[in-house]
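Participant: Let me begin by handing over the structure; questions about it come next.
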Amino acid sequence: MKFKLLYICFLSLFVIHSKAQTYAASNFTLVGHLDPETNLNQYGNKYSGCWGWYQASKNKEYAIACSSSGTFWVDISSPATPTVSSFRAGKQGCTWREVKTYLNYCYVISDDPGTNSFQIFDMQYLPDSVHKVYDSQLLFKRGHTLWVDGNKLYVAATTSGSSTFSSMDVYSLATPASPTLIRRLSQDYPLINYVHDMFVRNDTIYASCGYQGLYIYKLTSANTFTQLGSLTSYPSSGYNHSSALTPDGQTLVFTDEIPVGMPIKVADVTNLSNIQVLATTNQFPQTTPHNPFIVNNQYCFVSSYQDGLQLFDISNPASPFLAGYFDTYPAAGGNNNTWPSNNDYEGQWGAYPYFPSKTIFALDESNGIFLLKTALYENQPVSAGFATGAQTLCVGATANFSNTSSGATSYTWSYTGGTAIGTGTTNLSLAFNTAGIFSITLLASNATNSASSTQTILISPNTLNGAITFTNADCNTCTNGAASVTVSGGIAPYTYTWLPSGVHTTSVQNLAPACYTAQLKDAIGCTSETIACVSFFTGLSAAFSENNTVHIYPNPAQSVINIESAVSFDFCLYNKIGQVVICMKNNFQKATVSLQDIPKGIYFVEIISGSSKTNQKIIIN
């Protein structure tokens with residue numbers, strides 16, 4: 001209690017000072033300000049990395065500020081009067097720390113040399129206290145940056161207690177207070193010597209690898225890394241530092257920290273094998289962007305050292321523009337046209353714009369915690385929508401639903417029928433193996449608003465059938481055979497492709513003896529195929545009756561025998577000792593009999609049509 005009272009008194013004095021300070025701003029309002037750290041690091045600064053946490057059970061918001069001494073948890077539920085709820089010291093004084101959260105746990109790392117350690121804190125007891133549950137070098141003692149995706153923790157540039165270095169590690173958070181190592185990037189890609197930072201969504205990692213560039217990896221279900229793409233040469237390239245991805249997964253914003261004055265890059269990442277930088281942008285030519293934070297498909301916040309926090313509209317990725325800014329570091333930068341070389345990396349380190357209240361937390365290395373508001377981001381309207389290629393498909397098809405929503409930060413798909421392919425949340429792919437009419441709904445939400453869109457899709461049974469008729473050639477080298485197909489079922493119109501000729505009509509002429517495939521497709525993409533084997537008469541013709549002759553060919557036969565008659569018939573095949581090999585009912589005037597499993601030898605074919613019967617000898621060789 002005494003601790004909180006001291007900070008409340010300190011805050012009152014600091015707010016008086018803050019009101020006297022002038023901060024250059026456009027489309028931003030300063031709501032609250034706090035500067036609880038008193039110790040300076042070796043560069044004369046007090047703060048570094050930051051994050052935020054929403055305590056849903058108590059409807060409270062906390063700014064988590066890493067400092068030279070440790071980590072502060074600041075209750076900003078009333079942003080005009082922020083209060084320090086807890087402080088936990090680090091293993092040692094540090095130049096920088098970084099922090100992320102998962103459930104009610106907070107993970108803090110530092111890359112400073114010395115006796116550093118990996119710390120985990122349980123935040124469930126806030127606003128009263130934070131409990132330290134892990135402080136050890138067992139997993140690693142140093143790490144440069146970290147990210148949480150699902151129940152996995154990604155840590156860049158780790159150094160173990162025995163000083164073994166790893167470019168990037170991924171840990172399971174199945175037990176949040178006791179992470180376990182899943183995989184090291186170096187096990188699969190040892191040529192990447194350093195990962196500075198990473199943005200991860202659905203196990204896809206956008207890794208900023210310093211001077212090696214940007215690399216995209218996938219952590220597979222087998223817990224191995226596979227490379228999806230890379231970008232190693234691009235306009236104004238330098239030390240690839242950090243990145244952020246739009247909710248629709250189409251646009252990546254990334255920064256290069258070294259040398260100073262490198263502009264922000266806006267890239268099209270719809271095709272990871274061909275990433276395209278569409279634009280570069282900056283508030284001032286000398287501005288050095290540090291970390292981007294994307295909140296929706298329109299807005300990206302960027303912490304930019306001496307020029308504070310900037311808000312860029314990236315709704316047209318090829319033409320981004322500055323929509324607003326708040327300069328947390330008035331001592332230097334473009335807003336007073338002062339660029340001292342020893343201050344290049346002074347000012348704002350990071351931000352957290354993801355609170356339900358839309359309060360924006362920005363942390364300045366020297367000036368502390370800033371709580372900001374902008375009307376551009378408050379109560380963003382949400383529209384929900386998605387597109388699909390066709391409203392009617394056939395059984396066995398896959399439907400891809402492309403999210404066209406705007407203003408949302410999260411998406412929930414619900415559907416009847418179909419099986420989801422992959423684990424994506426922004427877009428959806430469903431495989432349909434049963435026929436019917438199915439409903440697909442997308443709920444798009446942000447912290448304050450939501451909207452939904454529903455569509456139906458018809459999955460038609462794949463009942464496309466083809467009936468073949470054909471005319472045999474006169475001899476084994478003749479080209480006067482023909483074949484035709486009649487389609488039933490499916491949805492007209494139909495398309496036809498005969499192979500190997502490539503003819504797209506219902507019938508083909510001038511055929512030599514061979515087998516031909518008719519590939520069929522209806523109007524909604526249902527497919528089927530049937531085979532016509534054109535042959536020539538060899539050897540056997542027998543009279544059924546006065547007006548009907550049956551033809552059996554080829555003879556000798558190898559893989560099939562064909563039987564033709566002017567009327568429908570049944571048939572049986574006997575071996576030379578009179579045993580039945582095949583006996584089939586046949587309601588057609590033609591039949592093709594497979595001989596695949598029948599031994600070579602002499603056989604007899606019995607043809608029966610009504611009261612008429614004939615027997616003929618054939619040879620299978």
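Letters for chains follow the order of the structure tokens (A, B, ...), residue numbers begin at 1 for each chain, and ligand numbers begin at 1 in the order shown.
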Set the distance at 8 Å and use only C-alpha atoms: which residues neighbour segment 343-348 of chain A once local chain neighbours fewer than 4 positions away are removed? I'd like the list as a VMD selection string.
Facilitator: chain A and resid 260 288 303 to 309 328 to 329 332 339 362 to 367
Participant: Just to be explicit: take each residue in the selection above, keep C-alpha atoms, and write the result as a PDB file, in the first residue's frame.
Facilitator:
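Result file is result22.pdb:
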ATOM      1  CA  VAL A 260      19.624   5.683 -39.712  1.00  0.00           C
ATOM      2  CA  THR A 288      14.454   5.978 -38.180  1.00  0.00           C
ATOM      3  CA  SER A 303       7.443   3.580 -33.129  1.00  0.00           C
ATOM      4  CA  SER A 304      10.153   5.769 -34.637  1.00  0.00           C
ATOM      5  CA  TYR A 305      12.735   6.787 -32.044  1.00  0.00           C
ATOM      6  CA  GLN A 306      13.234  10.603 -32.155  1.00  0.00           C
ATOM      7  CA  ASP A 307       9.929  11.178 -33.985  1.00  0.00           C
ATOM      8  CA  GLY A 308       7.762   9.236 -31.559  1.00  0.00           C
ATOM      9  CA  LEU A 309       4.629   7.379 -32.673  1.00  0.00           C
ATOM     10  CA  THR A 328       7.090  11.550 -27.402  1.00  0.00           C
ATOM     11  CA  TYR A 329      10.658  12.861 -27.721  1.00  0.00           C
ATOM     12  CA  ALA A 332      15.198  16.076 -31.131  1.00  0.00           C
ATOM     13  CA  TRP A 339      19.173  15.633 -35.496  1.00  0.00           C
ATOM     14  CA  ALA A 362       3.626   4.175 -26.301  1.00  0.00           C
ATOM     15  CA  LEU A 363       6.879   3.850 -24.348  1.00  0.00           C
ATOM     16  CA  ASP A 364       9.669   6.401 -24.725  1.00  0.00           C
ATOM     17  CA  GLU A 365      13.196   5.440 -23.635  1.00  0.00           C
ATOM     18  CA  SER A 366      13.647   8.702 -21.727  1.00  0.00           C
ATOM     19  CA  ASN A 367      10.166  10.080 -21.071  1.00  0.00           C
TER      20      ASN A 367
END
Participant: Do you know which residues are at most 10 Å from Phe588 of chain A counting only C-alpha atoms, after dropping those on the same chain fewer than 2 positions away, and could you put them as a PyMOL selection string?
Facilitator: chain A and resi 564-570+585-586+590-591
Participant: Output N, CA, C and O atoms for every residue in the selection just made, as an mmCIF file, in the first residue's frame.
Facilitator:
data_model
loop_
_atom_site.group_PDB
_atom_site.id
_atom_site.type_symbol
_atom_site.label_atom_id
_atom_site.label_comp_id
_atom_site.auth_asym_id
_atom_site.auth_seq_id
_atom_site.Cartn_x
_atom_site.Cartn_y
_atom_site.Cartn_z
ATOM 1 N N GLU A 564 -19.974 -58.156 -79.598
ATOM 2 C CA GLU A 564 -20.959 -57.263 -80.180
ATOM 3 C C GLU A 564 -22.088 -58.079 -80.783
ATOM 4 O O GLU A 564 -21.874 -59.139 -81.392
ATOM 5 N N SER A 565 -23.287 -57.521 -80.616
ATOM 6 C CA SER A 565 -24.457 -58.151 -81.217
ATOM 7 C C SER A 565 -25.491 -57.080 -81.504
ATOM 8 O O SER A 565 -25.438 -55.981 -80.931
ATOM 9 N N ALA A 566 -26.421 -57.379 -82.373
ATOM 10 C CA ALA A 566 -27.482 -56.422 -82.677
ATOM 11 C C ALA A 566 -28.525 -56.368 -81.570
ATOM 12 O O ALA A 566 -29.375 -55.473 -81.542
ATOM 13 N N VAL A 567 -28.494 -57.361 -80.673
ATOM 14 C CA VAL A 567 -29.443 -57.393 -79.561
ATOM 15 C C VAL A 567 -28.659 -57.577 -78.264
ATOM 16 O O VAL A 567 -27.484 -57.971 -78.273
ATOM 17 N N SER A 568 -29.292 -57.340 -77.135
ATOM 18 C CA SER A 568 -28.637 -57.556 -75.850
ATOM 19 C C SER A 568 -28.435 -59.042 -75.614
ATOM 20 O O SER A 568 -29.158 -59.884 -76.168
ATOM 21 N N PHE A 569 -27.479 -59.385 -74.759
ATOM 22 C CA PHE A 569 -27.126 -60.787 -74.576
ATOM 23 C C PHE A 569 -26.471 -60.980 -73.215
ATOM 24 O O PHE A 569 -26.032 -60.033 -72.559
ATOM 25 N N ASP A 570 -26.409 -62.240 -72.771
ATOM 26 C CA ASP A 570 -25.634 -62.659 -71.616
ATOM 27 C C ASP A 570 -24.507 -63.543 -72.128
ATOM 28 O O ASP A 570 -24.574 -64.068 -73.251
ATOM 29 N N LYS A 585 -24.445 -61.277 -66.589
ATOM 30 C CA LYS A 585 -25.623 -60.715 -67.225
ATOM 31 C C LYS A 585 -25.219 -59.443 -67.940
ATOM 32 O O LYS A 585 -24.400 -58.672 -67.448
ATOM 33 N N ASN A 586 -25.791 -59.185 -69.079
ATOM 34 C CA ASN A 586 -25.416 -58.015 -69.856
ATOM 35 C C ASN A 586 -26.660 -57.476 -70.550
ATOM 36 O O ASN A 586 -27.292 -58.180 -71.329
ATOM 37 N N LYS A 590 -23.203 -54.510 -76.492
ATOM 38 C CA LYS A 590 -21.756 -54.666 -76.524
ATOM 39 C C LYS A 590 -21.252 -54.949 -75.128
ATOM 40 O O LYS A 590 -21.850 -54.523 -74.140
ATOM 41 N N ALA A 591 -20.151 -55.663 -75.037
ATOM 42 C CA ALA A 591 -19.503 -55.918 -73.754
ATOM 43 C C ALA A 591 -18.006 -56.033 -73.968
ATOM 44 O O ALA A 591 -17.547 -56.575 -74.973
#
Participant: Let's see if you can do this: from backbone DSSP, list all strand (DSSP E) residues in segment 297-465 of chain A, as a ChimeraX atom specification.
Facilitator: /A:299-303,309-313,321-326,348-352,360-364,368-373,386-388,392-394,398-403,410-415,419-420,428-431,436-445,450-460,465
Participant: Nearest to Ile264 of chain A: which of A:Pro113, A:Pro292, A:Pro461, A:Pro556 is it, counting only C-alpha atoms?
Facilitator: A:Pro292
Participant: Just want the 9 Å neighbourhood of Phe121 of chain A, counted on only C-alpha atoms, with same-chain residues fewer than 5 positions away dropped. Output as a PyMOL selection string.
Facilitator: chain A and resi 88+104-108+130-135+177
Participant: Using only C-alpha atoms for the distances, tell me which of A:Thr145, A:Thr164, A:Thr506, A:Ser559 is nearest to Val195 of chain A.
Facilitator: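 Nearest candidate to Val195 of chain A out of A:Thr145, A:Thr164, A:Thr506, A:Ser559: A:Thr145.
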Participant: Can you tell me, as a list in words, what residues are no more than 12 Å from Gln579 of chain A when counting only C-alpha atoms, ignoring any on the same chain fewer than 6 positions away?
Facilitator: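 Within the cut-off, the hits are Cys572, Leu573, Tyr603, Phe604 and Val605 of chain A.
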Participant: If you keep N, CA, C and O atoms, can you produce a file of those selected residues as a PDB file, in the first residue's frame?
Facilitator:
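And here's part21.pdb as it stands now:
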ATOM      1  N   CYS A 572     -21.002 -66.364 -70.973  1.00  0.00           N
ATOM      2  CA  CYS A 572     -20.172 -67.093 -70.019  1.00  0.00           C
ATOM      3  C   CYS A 572     -18.886 -67.499 -70.715  1.00  0.00           C
ATOM      4  O   CYS A 572     -18.872 -67.761 -71.931  1.00  0.00           O
ATOM      5  N   LEU A 573     -17.814 -67.580 -69.931  1.00  0.00           N
ATOM      6  CA  LEU A 573     -16.521 -68.020 -70.439  1.00  0.00           C
ATOM      7  C   LEU A 573     -16.146 -69.301 -69.693  1.00  0.00           C
ATOM      8  O   LEU A 573     -16.141 -69.325 -68.448  1.00  0.00           O
ATOM      9  N   TYR A 603     -10.176 -71.270 -74.461  1.00  0.00           N
ATOM     10  CA  TYR A 603     -11.436 -71.080 -73.741  1.00  0.00           C
ATOM     11  C   TYR A 603     -12.591 -71.115 -74.740  1.00  0.00           C
ATOM     12  O   TYR A 603     -12.399 -70.985 -75.964  1.00  0.00           O
ATOM     13  N   PHE A 604     -13.805 -71.205 -74.169  1.00  0.00           N
ATOM     14  CA  PHE A 604     -15.011 -71.212 -74.981  1.00  0.00           C
ATOM     15  C   PHE A 604     -15.953 -70.134 -74.462  1.00  0.00           C
ATOM     16  O   PHE A 604     -16.181 -70.016 -73.251  1.00  0.00           O
ATOM     17  N   VAL A 605     -16.474 -69.329 -75.385  1.00  0.00           N
ATOM     18  CA  VAL A 605     -17.425 -68.272 -75.054  1.00  0.00           C
ATOM     19  C   VAL A 605     -18.818 -68.752 -75.454  1.00  0.00           C
ATOM     20  O   VAL A 605     -19.041 -69.139 -76.618  1.00  0.00           O
TER      21      VAL A 605
END
Participant: Please provide the set of residues having any atom within 12 Å of Gly489 of chain A, restricted to only C-alpha atoms, with same-chain residues fewer than 2 positions apart removed, written as a PyMOL selection string.
Facilitator: chain A and resi 460-467+486-487+491-494+520-523+526-528
Participant: If we count only C-alpha atoms and set the cut-off at 6 Å, which residues sit around Ser405 of chain A, ignoring sequence neighbours fewer than 3 positions away in its own chain? Please answer as a VMD selection string.
Facilitator: chain A and resid 383 to 385
Participant: Residues as selected, C-alpha atoms, written as a PDB file, in the first residue's frame, can you do that?
Facilitator:
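Produced file result.pdb, reproduced below:
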ATOM      1  CA  SER A 383     -17.926  -4.691 -42.396  1.00  0.00           C
ATOM      2  CA  ALA A 384     -17.921  -8.440 -42.946  1.00  0.00           C
ATOM      3  CA  GLY A 385     -17.729 -10.144 -46.301  1.00  0.00           C
TER       4      GLY A 385
END
Participant: Record the distance separating atom CA of Pro340 of chain A and atom CA of Ile258 of chain A, expressed in Å with one decimal.
Facilitator: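 Here the two named atoms are 16.2 Å from each other.
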